[in-house]
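S.K.: So I've got this file, structure-v1.txt, and it contains compact mmCIF, C-alpha atoms and all ligand atoms:
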```txt
# COMPACT_ATOMS: atom_id res chain seq x y z
CA MET I 1 -12.84 17.03 33.29
CA LYS I 2 -12.02 18.62 29.97
CA GLY I 3 -14.26 17.68 27.05
CA LEU I 4 -12.80 15.27 24.48
CA TYR I 5 -11.41 16.76 21.30
CA ASP I 6 -11.37 14.87 18.08
CA ASN I 7 -10.15 16.81 15.14
CA GLU I 8 -7.89 16.26 12.16
CA MET I 9 -6.23 18.24 9.37
CA LYS I 10 -4.04 17.44 6.38
CA LEU I 11 -1.63 19.51 4.29
CA GLU I 12 0.21 18.75 1.08
CA PHE I 13 2.89 20.93 -0.45
CA ILE I 14 5.91 20.66 -2.69
CA SER I 15 9.41 20.26 -1.33
CA LYS I 16 10.60 23.85 -1.26
CA THR I 17 12.35 25.26 1.79
CA ASN I 18 10.08 28.31 1.75
CA ASN I 19 7.27 26.00 2.86
CA GLU I 20 8.99 25.25 6.18
CA ALA I 21 7.50 28.30 7.88
CA PHE I 22 4.08 27.64 6.32
CA ALA I 23 4.04 24.06 7.65
CA ARG I 24 5.09 24.81 11.22
CA ILE I 25 2.85 27.86 11.58
CA THR I 26 -0.18 25.99 10.21
CA VAL I 27 0.33 23.03 12.54
CA ALA I 28 0.81 25.40 15.49
CA ALA I 29 -2.41 27.27 14.61
CA PHE I 30 -4.30 23.96 14.49
CA VAL I 31 -2.86 22.74 17.81
CA SER I 32 -3.83 26.05 19.44
CA GLN I 33 -7.29 24.52 19.96
CA LEU I 34 -5.79 22.54 22.84
CA ASP I 35 -4.74 25.77 24.58
CA PRO I 36 -1.02 24.97 24.74
CA THR I 37 1.56 27.12 26.53
CA ILE I 38 3.95 29.25 24.46
CA ASP I 39 6.71 26.75 25.24
CA GLU I 40 4.65 23.77 24.10
CA LEU I 41 3.72 25.51 20.87
CA SER I 42 7.32 26.44 20.28
CA ASP I 43 8.43 22.81 20.83
CA ILE I 44 5.88 21.64 18.27
CA LYS I 45 6.92 24.27 15.72
CA THR I 46 10.56 23.28 16.07
CA ALA I 47 9.86 19.54 15.70
CA VAL I 48 7.69 20.14 12.60
CA SER I 49 10.33 22.38 11.08
CA GLU I 50 12.99 19.70 11.60
CA ALA I 51 10.95 16.91 10.00
CA VAL I 52 9.79 19.02 7.05
CA THR I 53 13.32 20.28 6.40
CA ASN I 54 14.57 16.69 6.42
CA SER I 55 12.01 15.65 3.80
CA ILE I 56 13.04 18.57 1.60
CA ILE I 57 16.83 18.44 1.84
CA HIS I 58 17.44 14.74 2.52
CA GLY I 59 14.35 12.98 1.19
CA TYR I 60 14.01 14.82 -2.10
CA GLU I 61 17.41 16.53 -2.26
CA ASP I 62 17.34 18.58 -5.45
CA GLU I 63 14.22 16.98 -6.89
CA GLU I 64 10.72 18.23 -6.41
CA GLY I 65 8.30 16.00 -4.52
CA ILE I 66 5.21 16.11 -2.34
CA ILE I 67 5.34 16.37 1.44
CA ARG I 68 2.30 15.40 3.49
CA VAL I 69 1.63 16.69 6.97
CA SER I 70 -1.29 15.67 9.12
CA ALA I 71 -2.24 16.51 12.68
CA LYS I 72 -4.77 14.71 14.84
CA LEU I 73 -6.07 15.82 18.20
CA PHE I 74 -7.07 13.16 20.73
CA GLY I 75 -8.14 14.44 24.10
CA ASN I 76 -5.27 16.70 25.09
CA SER I 77 -2.70 15.02 22.82
CA VAL I 78 -1.61 15.84 19.32
CA GLU I 79 -0.21 13.35 16.84
CA ILE I 80 1.66 14.79 13.87
CA GLU I 81 2.67 12.79 10.83
CA ILE I 82 5.14 14.07 8.23
CA SER I 83 5.90 11.94 5.21
CA ASP I 84 7.72 12.04 1.90
CA ASN I 85 8.25 9.66 -1.02
CA GLY I 86 11.91 10.50 -1.23
CA LYS I 87 15.04 8.40 -1.09
CA GLY I 88 14.51 6.95 2.38
CA ILE I 89 16.93 6.28 5.24
CA GLY I 90 19.29 3.30 4.99
CA ASN I 91 20.30 3.13 8.62
CA ILE I 92 17.76 4.62 11.05
CA GLU I 93 19.86 3.89 14.15
CA GLU I 94 22.74 5.89 12.72
CA ALA I 95 20.47 8.69 11.45
CA ARG I 96 18.94 9.37 14.86
CA LYS I 97 22.30 9.63 16.63
CA PRO I 98 23.11 13.17 17.81
CA LEU I 99 25.51 14.96 15.43
CA TYR I 100 25.11 12.41 12.62
CA THR I 101 24.50 14.16 9.32
CA SER I 102 24.94 13.03 5.73
CA LYS I 103 25.14 16.68 4.66
CA PRO I 104 27.87 18.52 6.60
CA ASN I 105 28.50 20.57 3.44
CA LEU I 106 25.12 22.30 3.95
CA GLU I 107 26.26 23.18 7.50
CA ARG I 108 23.75 20.69 8.84
CA SER I 109 24.43 19.80 12.45
CA GLY I 110 22.88 16.35 12.72
CA MET I 111 20.69 17.49 15.64
CA GLY I 112 17.27 17.26 13.91
CA PHE I 113 16.15 13.88 15.28
CA THR I 114 17.65 14.63 18.69
CA ILE I 115 15.60 17.84 18.85
CA MET I 116 12.40 16.10 17.71
CA GLU I 117 12.90 13.42 20.37
CA SER I 118 13.58 15.90 23.11
CA PHE I 119 10.76 18.36 22.21
CA MET I 120 8.04 15.75 21.65
CA ASP I 121 6.91 12.91 23.95
CA ASP I 122 7.32 10.22 21.33
CA VAL I 123 8.88 10.04 17.84
CA LYS I 124 8.56 7.12 15.46
CA ILE I 125 10.65 6.86 12.29
CA GLU I 126 9.57 4.57 9.48
CA SER I 127 11.58 4.51 6.28
CA ALA I 128 12.38 2.38 3.28
CA LEU I 129 15.18 3.05 0.78
CA GLY I 130 13.79 4.36 -2.47
CA LEU I 131 10.25 4.61 -1.08
CA GLY I 132 10.29 7.37 1.48
CA THR I 133 10.11 8.29 5.13
CA LYS I 134 7.32 8.82 7.63
CA ILE I 135 7.80 10.52 10.98
CA THR I 136 5.05 10.21 13.60
CA MET I 137 5.33 12.40 16.69
CA ARG I 138 3.10 12.74 19.70
CA LYS I 139 2.87 15.32 22.44
CA GLN I 140 0.57 15.76 25.36
CA ILE I 141 -0.55 19.33 25.87
CA GLY I 142 -0.88 20.50 29.45
CA GLY I 143 1.76 18.12 30.78
CA GLU I 144 3.89 20.98 32.05
CA LYS I 145 0.94 22.79 33.61
CA GLN I 146 -0.02 19.66 35.51
CA GLU I 147 3.56 19.28 36.76
CA GLU I 148 3.60 22.88 37.97
CA GLU I 149 0.36 22.34 39.84
CA MET I 150 1.79 19.25 41.47
CA ASP I 151 4.88 21.20 42.55
CA VAL I 152 2.66 23.78 44.20
CA ARG I 153 0.72 21.09 46.01
CA GLU I 154 3.91 19.42 47.21
CA ALA I 155 5.43 22.68 48.43
CA MET M 1 18.97 41.44 9.20
CA ILE M 2 20.36 44.69 10.57
CA VAL M 3 24.14 44.98 10.41
CA GLU M 4 26.02 47.43 12.59
CA PHE M 5 29.79 47.87 12.86
CA LYS M 6 31.24 49.76 15.80
CA LYS M 7 34.51 51.10 14.49
CA GLU M 8 36.12 52.13 17.81
CA ASP M 9 36.11 48.64 19.30
CA LYS M 10 35.72 46.70 16.04
CA VAL M 11 32.49 45.00 17.07
CA LEU M 12 30.19 43.69 14.33
CA ILE M 13 26.56 43.22 15.37
CA PHE M 14 24.06 41.13 13.44
CA LYS M 15 20.50 41.78 14.57
CA LEU M 16 18.38 39.01 13.07
CA THR M 17 14.99 40.01 11.69
CA GLU M 18 13.63 36.72 10.31
CA ASP M 19 13.12 33.36 11.94
CA VAL M 20 16.01 30.98 11.30
CA ASP M 21 15.37 27.74 9.39
CA GLN M 22 17.05 26.00 6.45
CA HIS M 23 15.36 28.40 4.03
CA THR M 24 16.38 31.68 5.63
CA SER M 25 19.75 30.54 7.00
CA GLU M 26 21.34 30.14 3.57
CA LYS M 27 21.07 33.79 2.66
CA ILE M 28 21.74 34.99 6.21
CA ARG M 29 24.97 32.98 6.26
CA ARG M 30 26.14 34.38 2.96
CA LYS M 31 25.48 37.95 4.06
CA MET M 32 27.20 37.44 7.42
CA ASP M 33 30.29 35.93 5.83
CA ASN M 34 30.63 38.88 3.48
CA GLU M 35 30.36 41.36 6.34
CA ILE M 36 32.81 39.47 8.55
CA LYS M 37 35.38 39.31 5.76
CA ARG M 38 34.87 42.97 5.01
CA TYR M 39 35.28 44.32 8.56
CA ILE M 40 37.53 41.65 10.15
CA PRO M 41 35.88 42.38 13.53
CA ARG M 42 37.48 41.77 16.90
CA LYS M 43 34.10 40.57 18.09
CA VAL M 44 30.92 39.38 16.36
CA ILE M 45 27.62 39.61 18.21
CA PHE M 46 24.47 37.74 17.15
CA ASP M 47 21.42 39.49 18.57
CA PHE M 48 18.27 37.30 18.57
CA SER M 49 15.99 39.81 20.33
CA ASN M 50 13.80 40.49 17.27
CA ILE M 51 13.04 36.88 16.38
CA SER M 52 11.14 34.17 18.18
CA PHE M 53 11.98 31.02 16.24
CA MET M 54 15.09 29.06 15.36
CA ASP M 55 15.44 25.39 14.46
CA SER M 56 18.63 23.33 14.10
CA ALA M 57 19.67 25.36 11.05
CA GLY M 58 20.72 27.96 13.62
CA ILE M 59 23.39 25.62 15.01
CA GLY M 60 25.27 25.41 11.72
CA MET M 61 24.75 29.11 11.14
CA VAL M 62 26.37 29.99 14.46
CA LEU M 63 29.18 27.42 14.33
CA GLY M 64 30.17 28.30 10.78
CA ARG M 65 30.46 32.02 11.64
CA TYR M 66 32.31 31.15 14.86
CA LYS M 67 34.95 29.30 12.85
CA LEU M 68 35.31 32.17 10.40
CA ALA M 69 35.57 34.78 13.16
CA GLN M 70 38.19 32.69 14.95
CA MET M 71 40.21 32.25 11.79
CA LEU M 72 40.34 36.04 11.60
CA ASP M 73 41.32 36.27 15.30
CA GLY M 74 37.89 37.46 16.44
CA GLU M 75 35.44 36.14 18.98
CA LEU M 76 31.70 35.54 18.87
CA GLU M 77 28.90 36.13 21.33
CA ILE M 78 25.16 35.38 21.16
CA ILE M 79 22.69 37.60 22.99
CA ASN M 80 18.96 37.71 23.73
CA VAL M 81 18.06 34.10 23.01
CA ASN M 82 14.75 32.74 24.28
CA ARG M 83 14.26 29.53 26.23
CA ALA M 84 13.72 27.32 23.17
CA MET M 85 16.84 28.65 21.44
CA LYS M 86 18.88 28.17 24.61
CA LYS M 87 17.71 24.56 24.76
CA ILE M 88 18.89 23.96 21.19
CA PHE M 89 22.28 25.58 21.82
CA ASP M 90 22.72 23.58 25.05
CA MET M 91 21.75 20.27 23.46
CA SER M 92 24.13 20.68 20.56
CA GLY M 93 27.12 21.74 22.66
CA VAL M 94 27.23 25.25 21.19
CA SER M 95 26.88 26.74 24.70
CA ARG M 96 30.09 25.05 25.74
CA ILE M 97 32.21 26.98 23.24
CA ILE M 98 30.27 30.20 22.66
CA ASN M 99 29.16 32.71 25.27
CA ILE M 100 25.34 32.90 25.26
CA VAL M 101 23.35 35.54 27.08
CA GLU M 102 19.63 34.85 27.60
CA GLU M 103 17.03 37.55 27.12
CA GLU M 104 15.87 39.45 30.16
CA LYS M 105 12.66 38.00 31.50
CA ASN M 106 9.78 40.23 32.52
CA GLU M 107 7.69 37.48 33.99
CA GLY M 108 5.48 38.49 36.89
CA VAL M 109 6.96 37.87 40.34
CA ILE M 110 3.73 37.43 42.28
N1 LIG O 1 13.16 12.39 5.27
C1 LIG O 1 14.42 11.90 5.15
N2 LIG O 1 14.78 11.26 4.01
C2 LIG O 1 16.03 10.76 3.86
N3 LIG O 1 17.01 10.86 4.80
C3 LIG O 1 16.71 11.47 5.95
C4 LIG O 1 15.40 12.03 6.19
N4 LIG O 1 15.41 12.58 7.43
C5 LIG O 1 16.64 12.38 7.93
N5 LIG O 1 17.44 11.72 7.06
C6 LIG O 1 18.84 11.30 7.30
O1 LIG O 1 19.09 11.37 8.70
C7 LIG O 1 20.20 12.22 8.96
C8 LIG O 1 20.02 12.91 10.31
O2 LIG O 1 18.94 13.83 10.29
P1 LIG O 1 18.93 15.03 11.32
O3 LIG O 1 19.11 14.50 12.69
O4 LIG O 1 17.72 15.84 11.06
O5 LIG O 1 20.25 15.86 10.97
P2 LIG O 1 20.56 16.84 9.72
O6 LIG O 1 19.28 17.17 9.04
O7 LIG O 1 21.21 18.02 10.33
O8 LIG O 1 21.49 16.07 8.81
C9 LIG O 1 20.28 13.15 7.78
O9 LIG O 1 21.57 13.70 7.61
C10 LIG O 1 19.86 12.22 6.64
O10 LIG O 1 20.95 11.44 6.23
MG MG O 2 17.54 17.64 9.96
```
What's the structure tokens form of this structure?
M.R.:
Amino acid sequence: MKGLYDNEMKLEFISKTNNEAFARITVAAFVSQLDPTIDELSDIKTAVSEAVTNSIIHGYEDEEGIIRVSAKLFGNSVEIEISDNGKGIGNIEEARKPLYTSKPNLERSGMGFTIMESFMDDVKIESALGLGTKITMRKQIGGEKQEEEMDVREA
Amino acid sequence: MIVEFKKEDKVLIFKLTEDVDQHTSEKIRRKMDNEIKRYIPRKVIFDFSNISFMDSAGIGMVLGRYKLAQMLDGELEIINVNRAMKKIFDMSGVSRIINIVEEEKNEGVI
């Protein structure tokens, strides 16, 4: 059996779109400890990019605020939390629907939450109007590898 | 981004050179729109071979240029996307209206 990991990191940065790449690359570098596949790492980068972008363009809009990102490793799972103290989401059900966007003028597609949900194992959205939004996402690393091994055994 | 216009067949090729997110897509979009309006191409090709990352900002980037190209009687094609990009284009319905060609895979066949 693989040894148990237990590690944690935190980042704080201001809400500028040029921090999107910084955030996703840093989280990916941290998660690399779990020896993920290229596909798993790419899924995580995309999900982080979506959540961070949302905090910048929807949470804070044109104001400047602080975005917090943390990542925790438990065994072979990673839990990533991305939070802002921006304007919050009024209707979470509506927000997570595919193609729903409050900013079509920015050529937003409304696919951010759908992508996070499909690329991660679990996504939790907590939000309060005027207070901010916190996204908590989890993914098990090595899930795909295990499936492949099972396929081989079955064949 | 590398821009190439093939005069004979009026094909405009955009070879992306930076990962696509909200930050980079704004200036990429502006540049692409200028080039499309300048050349009025018969066909626009987005070549993703030089980049490895795109988030949902890429959906709006592609759809917006698709609409502009169509308005000017042109078509649009996307080439050399990786697996993650393909997933995003499939999920959002982009693949249903735009022709997407995946990158050639050199994975070992053992
Ligand atoms: N951090 C946030 N703060 C405030 N509103 C948010 C936040 N994240 C998402 N939203 C709302 O949820 C909607 C859907 O988000 P998403 O699926 O990422 O699509 P998009 O970003 O393309 O609009 C956004 O248009 C916005 O109204
Ligand atoms: Mg979004």
S.K.: Nearest residue to chain I out of M:Asp19, M:Asp47, M:Glu4, M:Asp33, using all atoms listed in the file?
M.R.: M:Asp19
S.K.: Return the single residue from M:Leu68, M:Ile51, M:Val20, M:Ile59 that is closest to Met32 (chain M), with distances computed using only C-alpha atoms.
M.R.: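 Of the candidates, the smallest distance to Met32 (chain M) is held by M:Leu68.
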S.K.: Could you please select, counting all atoms listed in the file, the residues of chain M within 10 Å of chain I and state them as a list in words?
M.R.: Asp19, Val20, Asp21, Gln22, His23, Thr24, Ser25, Glu26, Arg29, Ser52, Phe53, Met54, Asp55, Ser56, Ala57, Gly58, Ile59, Gly60, Met61, Val62, Leu63, Gly64, Arg83, Ala84, Met85, Lys87, Ile88, Met91 and Ser92 of chain M
S.K.: For ligand LIG 1 (chain O), which of I:Gly65, I:Gly90, I:Gly59, I:Gly142 is the closest residue, counting all atoms listed in the file?
M.R.: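 The answer is I:Gly59, which sits nearest to ligand LIG 1 (chain O).
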S.K.: May I ask which of the residues I:Asp35, I:Ser55, I:Ile89, I:Gly75 is the closest one to ligand MG 2 (chain O), counting only C-alpha atoms and all ligand atoms?
M.R.: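 Nearest candidate to ligand MG 2 (chain O) out of I:Asp35, I:Ser55, I:Ile89, I:Gly75: I:Ser55.
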S.K.: Which one is closest to ligand LIG 1 (chain O): I:Phe22, I:Phe74, I:Tyr60, I:Phe13? Count only C-alpha atoms and all ligand atoms.
M.R.: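 Result for the nearest residue to ligand LIG 1 (chain O): I:Tyr60.
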S.K.: Between CA of Lys97 (chain I) and CA of Glu12 (chain I), measure the distance and give it in Å to one decimal.
M.R.: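 Computing the Euclidean distance for CA of Lys97 (chain I) and CA of Glu12 (chain I) yields 28.5 Å.
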S.K.: Between CA of Leu76 (chain M) and CA of Met116 (chain I), measure the distance and give it in Å to one decimal.
M.R.: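 Spanning CA of Leu76 (chain M) to CA of Met116 (chain I) is a straight-line distance of 27.4 Å.
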